[in-house]
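S.K.: For reference, this is work27.txt, and it has compact mmCIF, N, CA and C atoms and all ligand atoms.
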# COMPACT_ATOMS: atom_id res chain seq x y z
N MET A 20 58.84 24.68 26.93
CA MET A 20 58.80 24.53 25.47
C MET A 20 57.60 25.29 24.92
N ALA A 21 57.87 26.10 23.95
CA ALA A 21 56.79 26.90 23.35
C ALA A 21 55.88 26.03 22.50
N ARG A 22 54.63 26.39 22.50
CA ARG A 22 53.66 25.64 21.71
C ARG A 22 53.62 26.22 20.31
N ASP A 23 53.70 25.34 19.35
CA ASP A 23 53.70 25.77 17.95
C ASP A 23 52.29 25.71 17.37
N TYR A 24 51.62 26.83 17.42
CA TYR A 24 50.28 26.87 16.85
C TYR A 24 50.32 27.02 15.34
N ASN A 25 51.28 27.73 14.88
CA ASN A 25 51.29 28.15 13.48
C ASN A 25 52.35 27.41 12.67
N THR A 26 52.32 26.08 12.74
CA THR A 26 53.30 25.32 11.99
C THR A 26 52.87 25.21 10.53
N PRO A 27 53.81 25.02 9.61
CA PRO A 27 53.43 24.85 8.20
C PRO A 27 52.49 23.67 7.98
N GLU A 28 52.66 22.61 8.77
CA GLU A 28 51.78 21.45 8.63
C GLU A 28 50.34 21.80 8.98
N ARG A 29 50.19 22.55 10.06
CA ARG A 29 48.82 22.93 10.46
C ARG A 29 48.20 23.87 9.43
N MET A 30 48.99 24.76 8.87
CA MET A 30 48.46 25.67 7.86
C MET A 30 48.05 24.88 6.62
N GLN A 31 48.84 23.87 6.24
CA GLN A 31 48.48 23.04 5.09
C GLN A 31 47.19 22.29 5.35
N GLU A 32 47.04 21.77 6.57
CA GLU A 32 45.80 21.07 6.92
C GLU A 32 44.61 22.01 6.83
N MET A 33 44.77 23.22 7.32
CA MET A 33 43.67 24.18 7.29
C MET A 33 43.31 24.54 5.85
N LEU A 34 44.31 24.78 5.02
CA LEU A 34 44.03 25.14 3.62
C LEU A 34 43.36 23.98 2.89
N LYS A 35 43.78 22.77 3.19
CA LYS A 35 43.14 21.60 2.59
C LYS A 35 41.69 21.50 3.03
N ALA A 36 41.44 21.77 4.30
CA ALA A 36 40.06 21.72 4.81
C ALA A 36 39.20 22.79 4.16
N ILE A 37 39.77 23.96 3.92
CA ILE A 37 39.02 25.03 3.26
C ILE A 37 38.66 24.61 1.84
N ARG A 38 39.61 24.01 1.14
CA ARG A 38 39.33 23.56 -0.23
C ARG A 38 38.27 22.47 -0.23
N THR A 39 38.37 21.54 0.70
CA THR A 39 37.43 20.43 0.75
C THR A 39 36.02 20.91 1.07
N THR A 40 35.90 21.77 2.08
CA THR A 40 34.57 22.18 2.53
C THR A 40 33.93 23.21 1.61
N SER A 41 34.69 23.80 0.71
CA SER A 41 34.14 24.85 -0.14
C SER A 41 33.04 24.32 -1.06
N THR A 42 33.04 23.01 -1.32
CA THR A 42 32.02 22.45 -2.20
C THR A 42 30.98 21.64 -1.43
N MET A 43 31.10 21.59 -0.12
CA MET A 43 30.18 20.79 0.69
C MET A 43 28.98 21.62 1.13
N ALA A 44 27.85 20.92 1.35
CA ALA A 44 26.68 21.58 1.92
C ALA A 44 26.99 21.94 3.36
N SER A 45 26.50 23.07 3.80
CA SER A 45 26.79 23.51 5.15
C SER A 45 25.57 24.16 5.77
N ARG A 46 25.63 24.32 7.08
CA ARG A 46 24.53 24.93 7.81
C ARG A 46 25.12 25.74 8.95
N ASN A 47 24.65 26.95 9.11
CA ASN A 47 25.10 27.77 10.22
C ASN A 47 24.29 27.42 11.46
N VAL A 48 24.97 27.22 12.57
CA VAL A 48 24.32 26.90 13.83
C VAL A 48 24.40 28.14 14.71
N THR A 49 23.24 28.51 15.28
CA THR A 49 23.20 29.73 16.07
C THR A 49 23.20 29.42 17.56
N CYS A 50 23.67 30.35 18.34
CA CYS A 50 23.71 30.24 19.80
C CYS A 50 22.28 30.19 20.33
N PRO A 51 21.95 29.20 21.17
CA PRO A 51 20.58 29.12 21.69
C PRO A 51 20.27 30.25 22.68
N TYR A 52 21.25 30.95 23.16
CA TYR A 52 21.01 32.03 24.13
C TYR A 52 20.74 33.36 23.44
N CYS A 53 21.52 33.68 22.43
CA CYS A 53 21.40 35.02 21.85
C CYS A 53 21.15 35.01 20.34
N GLY A 54 21.24 33.86 19.70
CA GLY A 54 20.98 33.80 18.26
C GLY A 54 22.16 34.16 17.39
N HIS A 55 23.28 34.47 18.00
CA HIS A 55 24.50 34.78 17.24
C HIS A 55 24.98 33.52 16.53
N ARG A 56 25.53 33.66 15.34
CA ARG A 56 26.03 32.48 14.63
C ARG A 56 27.22 31.90 15.38
N ALA A 57 27.06 30.64 15.83
CA ALA A 57 28.09 30.03 16.65
C ALA A 57 29.17 29.37 15.80
N PHE A 58 28.75 28.59 14.79
CA PHE A 58 29.72 27.91 13.93
C PHE A 58 28.99 27.35 12.72
N THR A 59 29.74 26.77 11.82
CA THR A 59 29.19 26.18 10.61
C THR A 59 29.41 24.68 10.64
N VAL A 60 28.35 23.91 10.34
CA VAL A 60 28.45 22.46 10.28
C VAL A 60 28.41 22.03 8.82
N TYR A 61 29.31 21.15 8.45
CA TYR A 61 29.32 20.62 7.09
C TYR A 61 28.69 19.25 7.07
N GLU A 62 28.22 18.86 5.89
CA GLU A 62 27.54 17.58 5.74
C GLU A 62 28.41 16.44 6.26
N GLY A 63 27.78 15.49 6.94
CA GLY A 63 28.49 14.32 7.44
C GLY A 63 29.13 14.50 8.79
N ALA A 64 29.04 15.68 9.39
CA ALA A 64 29.67 15.90 10.69
C ALA A 64 28.91 15.14 11.77
N THR A 65 29.65 14.51 12.69
CA THR A 65 29.04 13.78 13.79
C THR A 65 29.78 14.09 15.09
N GLY A 66 29.19 13.68 16.18
CA GLY A 66 29.83 13.84 17.47
C GLY A 66 29.29 15.04 18.23
N TYR A 67 29.97 15.36 19.30
CA TYR A 67 29.56 16.46 20.15
C TYR A 67 30.57 17.59 20.03
N LEU A 68 30.07 18.80 20.19
CA LEU A 68 30.94 19.96 20.05
C LEU A 68 30.58 20.98 21.13
N GLN A 69 31.59 21.58 21.72
CA GLN A 69 31.37 22.64 22.69
C GLN A 69 32.09 23.88 22.24
N THR A 70 31.42 25.01 22.37
CA THR A 70 32.04 26.27 21.98
C THR A 70 31.57 27.37 22.90
N LYS A 71 32.28 28.47 22.88
CA LYS A 71 31.91 29.64 23.69
C LYS A 71 31.45 30.72 22.73
N CYS A 72 30.24 31.18 22.94
CA CYS A 72 29.68 32.19 22.06
C CYS A 72 30.52 33.47 22.15
N SER A 73 30.91 33.99 21.01
CA SER A 73 31.75 35.19 21.01
C SER A 73 30.96 36.45 21.33
N LYS A 74 29.63 36.33 21.34
CA LYS A 74 28.81 37.52 21.61
C LYS A 74 28.36 37.56 23.07
N CYS A 75 27.69 36.48 23.54
CA CYS A 75 27.13 36.49 24.90
C CYS A 75 28.02 35.74 25.90
N ARG A 76 29.05 35.06 25.42
CA ARG A 76 30.04 34.37 26.28
C ARG A 76 29.50 33.13 26.98
N HIS A 77 28.31 32.66 26.63
CA HIS A 77 27.84 31.41 27.18
C HIS A 77 28.61 30.25 26.53
N ILE A 78 28.84 29.21 27.32
CA ILE A 78 29.43 27.99 26.78
C ILE A 78 28.28 27.08 26.40
N VAL A 79 28.24 26.68 25.14
CA VAL A 79 27.14 25.86 24.64
C VAL A 79 27.68 24.58 24.04
N SER A 80 26.92 23.49 24.22
CA SER A 80 27.28 22.19 23.68
C SER A 80 26.22 21.77 22.67
N PHE A 81 26.67 21.10 21.62
CA PHE A 81 25.78 20.66 20.56
C PHE A 81 26.04 19.20 20.25
N ASN A 82 24.96 18.48 19.93
CA ASN A 82 25.07 17.13 19.40
C ASN A 82 24.91 17.22 17.89
N LEU A 83 25.99 16.99 17.17
CA LEU A 83 25.95 17.18 15.72
C LEU A 83 25.09 16.16 15.02
N VAL A 84 24.80 15.02 15.67
CA VAL A 84 23.94 14.02 15.05
C VAL A 84 22.57 14.61 14.76
N SER A 85 22.10 15.47 15.64
CA SER A 85 20.80 16.08 15.42
C SER A 85 20.85 17.16 14.36
N MET A 86 22.02 17.40 13.78
CA MET A 86 22.16 18.43 12.76
C MET A 86 22.63 17.84 11.44
N ARG A 87 22.38 16.54 11.27
CA ARG A 87 22.86 15.90 10.06
C ARG A 87 22.16 16.38 8.81
N ARG A 88 20.88 16.72 8.96
CA ARG A 88 20.14 17.15 7.78
C ARG A 88 20.65 18.52 7.38
N VAL A 89 21.51 18.54 6.42
CA VAL A 89 22.07 19.79 5.93
C VAL A 89 21.49 20.06 4.56
N LYS A 90 20.82 21.16 4.46
CA LYS A 90 20.22 21.50 3.18
C LYS A 90 21.25 22.22 2.32
N PRO A 91 21.27 21.93 1.03
CA PRO A 91 22.16 22.67 0.15
C PRO A 91 21.74 24.13 0.10
N LYS A 92 22.69 24.97 -0.17
CA LYS A 92 22.39 26.39 -0.23
C LYS A 92 21.33 26.67 -1.30
N PRO A 93 20.26 27.37 -0.93
CA PRO A 93 19.20 27.62 -1.90
C PRO A 93 19.68 28.56 -2.99
N ARG A 94 19.22 28.27 -4.18
CA ARG A 94 19.56 29.15 -5.30
C ARG A 94 18.50 30.21 -5.39
N LYS A 95 18.93 31.43 -5.48
CA LYS A 95 17.98 32.52 -5.51
C LYS A 95 17.31 32.60 -6.87
N ALA A 96 15.98 32.67 -6.82
CA ALA A 96 15.22 32.81 -8.06
C ALA A 96 15.36 34.23 -8.59
N ALA A 97 15.36 34.35 -9.88
CA ALA A 97 15.52 35.67 -10.51
C ALA A 97 14.25 36.50 -10.36
N ALA A 98 13.10 35.83 -10.41
CA ALA A 98 11.84 36.57 -10.35
C ALA A 98 11.44 36.82 -8.90
N GLY A 99 10.64 37.88 -8.69
CA GLY A 99 10.13 38.17 -7.36
C GLY A 99 11.17 38.78 -6.48
N GLY A 100 10.91 38.77 -5.16
CA GLY A 100 11.86 39.34 -4.24
C GLY A 100 11.34 40.60 -3.60
N PRO A 101 12.01 41.06 -2.58
CA PRO A 101 11.49 42.20 -1.82
C PRO A 101 11.70 43.56 -2.47
N LEU A 102 12.48 43.61 -3.53
CA LEU A 102 12.79 44.90 -4.12
C LEU A 102 12.01 45.17 -5.39
N GLN A 103 10.79 44.68 -5.44
CA GLN A 103 9.98 44.89 -6.65
C GLN A 103 9.54 46.34 -6.75
N ASN A 104 9.62 46.87 -7.95
CA ASN A 104 9.11 48.22 -8.19
C ASN A 104 7.62 48.17 -8.41
N GLN A 105 6.96 49.23 -8.00
CA GLN A 105 5.50 49.25 -8.16
C GLN A 105 5.11 50.00 -9.41
ZN ZN A 201 25.32 33.71 22.40
Please go through the file and, once you have read it, give me the structure as structure tokens.
M.R.:
Amino acid sequence: MARDYNTPERMQEMLKAIRTTSTMASRNVTCPYCGHRAFTVYEGATGYLQTKCSKCRHIVSFNLVSMRRVKPKPRKAAAGGPLQNQ
């Protein structure tokens, strides 16, 4: 029996998750081996997660409880910045 990865129900779930998380605070978690962005954690996430880094191929595990403090995306100030003219 073929596995149905791309069912309409799963696509609806994914689209709903995208809509839900679009307004949530998030934090990018980087690979401890190479610094590549491993995944994104949204506010309230708990539990353990394992993933394989797409850059260095190490398998890394994370405890999401230690990543609960999610800062909201900083708003960029209009003044200052690295592109100041002299
Ligand atoms: Zn890596």
S.K.: List as a list in words the protein and nucleic acid residues lying within 6 Å of ligand ZN 201 (chain A), with all atoms listed in the file counted.
M.R.: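 Checked against 6 Å with all atoms listed in the file; the hits are Cys50, Pro51, Tyr52, Cys53, Gly54, His55, Cys72, Ser73, Lys74, Cys75, Arg76 and His77 of chain A.
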S.K.: Using only C-alpha atoms, can you list as a list in words the residues within 7 Å of (30.4, 27.8, 16.9)?
M.R.: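 Checked against the point, the hits come out as Val48, Arg56, Ala57, Phe58, Thr59, Thr70 and Cys72 of chain A.
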S.K.: Could the residues in this selection be written to a file with N, CA and C atoms, as an mmCIF file, in the coordinates of the input?
M.R.:
data_model
loop_
_atom_site.group_PDB
_atom_site.id
_atom_site.type_symbol
_atom_site.label_atom_id
_atom_site.label_comp_id
_atom_site.auth_asym_id
_atom_site.auth_seq_id
_atom_site.Cartn_x
_atom_site.Cartn_y
_atom_site.Cartn_z
ATOM 1 N N VAL A 48 24.970 27.220 12.570
ATOM 2 C CA VAL A 48 24.320 26.900 13.830
ATOM 3 C C VAL A 48 24.400 28.140 14.710
ATOM 4 N N ARG A 56 25.530 33.660 15.340
ATOM 5 C CA ARG A 56 26.030 32.480 14.630
ATOM 6 C C ARG A 56 27.220 31.900 15.380
ATOM 7 N N ALA A 57 27.060 30.640 15.830
ATOM 8 C CA ALA A 57 28.090 30.030 16.650
ATOM 9 C C ALA A 57 29.170 29.370 15.800
ATOM 10 N N PHE A 58 28.750 28.590 14.790
ATOM 11 C CA PHE A 58 29.720 27.910 13.930
ATOM 12 C C PHE A 58 28.990 27.350 12.720
ATOM 13 N N THR A 59 29.740 26.770 11.820
ATOM 14 C CA THR A 59 29.190 26.180 10.610
ATOM 15 C C THR A 59 29.410 24.680 10.640
ATOM 16 N N THR A 70 31.420 25.010 22.370
ATOM 17 C CA THR A 70 32.040 26.270 21.980
ATOM 18 C C THR A 70 31.570 27.370 22.900
ATOM 19 N N CYS A 72 30.240 31.180 22.940
ATOM 20 C CA CYS A 72 29.680 32.190 22.060
ATOM 21 C C CYS A 72 30.520 33.470 22.150
#
S.K.: So the first atom is atom CA of A:Ser45 and the second is atom CA of A:Gln31; what is the distance between them in Å, to one decimal place?
M.R.: 21.7 Å
S.K.: What is the distance, in Å and to one decimal place, between atom CA of A:Thr65 and atom CA of A:Leu83?
M.R.: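 Distance reported for this atom pair: 5.0 Å.
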S.K.: Could you pull the residues within 7 Å of A:Met43, counting only C-alpha atoms, minus those fewer than 3 positions along the same chain, as a PyMOL selection string?
M.R.: chain A and resi 40+61-62
S.K.: Figure out the distance between atom N of A:Phe81 and atom CA of A:Gly66, please, to one decimal in Å.
M.R.: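 Answer for the atom CA of A:Gly66 to atom N of A:Phe81 separation: 8.9 Å.
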S.K.: Smallest atom-to-atom distance to A:Arg46: which of A:Val84, A:Val60, A:Val79, A:Met33, using only N, CA and C atoms?
M.R.: A:Val60
S.K.: Using the chain letters and numbers from this document, which residues of stretch 23-83 of chain A does DSSP assign to helix (DSSP H, G or I), as a VMD selection string?
M.R.: chain A and resid 27 to 40 83
S.K.: Check stretch 40-75 of chain A with DSSP on the backbone and list each residue it calls strand (DSSP E), as a tab-separated table (two decimals) with N, CA and C atoms, in the coordinates of the input.
M.R.:
chain	number	residue	atom	x	y	z
A	45	SER	N	26.50	23.07	3.80
A	45	SER	CA	26.79	23.51	5.15
A	45	SER	C	25.57	24.16	5.77
A	46	ARG	N	25.63	24.32	7.08
A	46	ARG	CA	24.53	24.93	7.81
A	46	ARG	C	25.12	25.74	8.95
A	47	ASN	N	24.65	26.95	9.11
A	47	ASN	CA	25.10	27.77	10.22
A	47	ASN	C	24.29	27.42	11.46
A	48	VAL	N	24.97	27.22	12.57
A	48	VAL	CA	24.32	26.90	13.83
A	48	VAL	C	24.40	28.14	14.71
A	49	THR	N	23.24	28.51	15.28
A	49	THR	CA	23.20	29.73	16.07
A	49	THR	C	23.20	29.42	17.56
A	56	ARG	N	25.53	33.66	15.34
A	56	ARG	CA	26.03	32.48	14.63
A	56	ARG	C	27.22	31.90	15.38
A	57	ALA	N	27.06	30.64	15.83
A	57	ALA	CA	28.09	30.03	16.65
A	57	ALA	C	29.17	29.37	15.80
A	58	PHE	N	28.75	28.59	14.79
A	58	PHE	CA	29.72	27.91	13.93
A	58	PHE	C	28.99	27.35	12.72
A	59	THR	N	29.74	26.77	11.82
A	59	THR	CA	29.19	26.18	10.61
A	59	THR	C	29.41	24.68	10.64
A	60	VAL	N	28.35	23.91	10.34
A	60	VAL	CA	28.45	22.46	10.28
A	60	VAL	C	28.41	22.03	8.82
A	61	TYR	N	29.31	21.15	8.45
A	61	TYR	CA	29.32	20.62	7.09
A	61	TYR	C	28.69	19.25	7.07
A	67	TYR	N	29.97	15.36	19.30
A	67	TYR	CA	29.56	16.46	20.15
A	67	TYR	C	30.57	17.59	20.03
A	68	LEU	N	30.07	18.80	20.19
A	68	LEU	CA	30.94	19.96	20.05
A	68	LEU	C	30.58	20.98	21.13
A	69	GLN	N	31.59	21.58	21.72
A	69	GLN	CA	31.37	22.64	22.69
A	69	GLN	C	32.09	23.88	22.24
A	70	THR	N	31.42	25.01	22.37
A	70	THR	CA	32.04	26.27	21.98
A	70	THR	C	31.57	27.37	22.90
A	71	LYS	N	32.28	28.47	22.88
A	71	LYS	CA	31.91	29.64	23.69
A	71	LYS	C	31.45	30.72	22.73
S.K.: My list of candidates is A:Leu68, A:Glu32, A:Asn82, A:Gly63. Which is closest to A:Ala44 when distances are computed with all atoms listed in the file?
M.R.: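 That would be A:Gly63, the residue with the smallest distance to A:Ala44.
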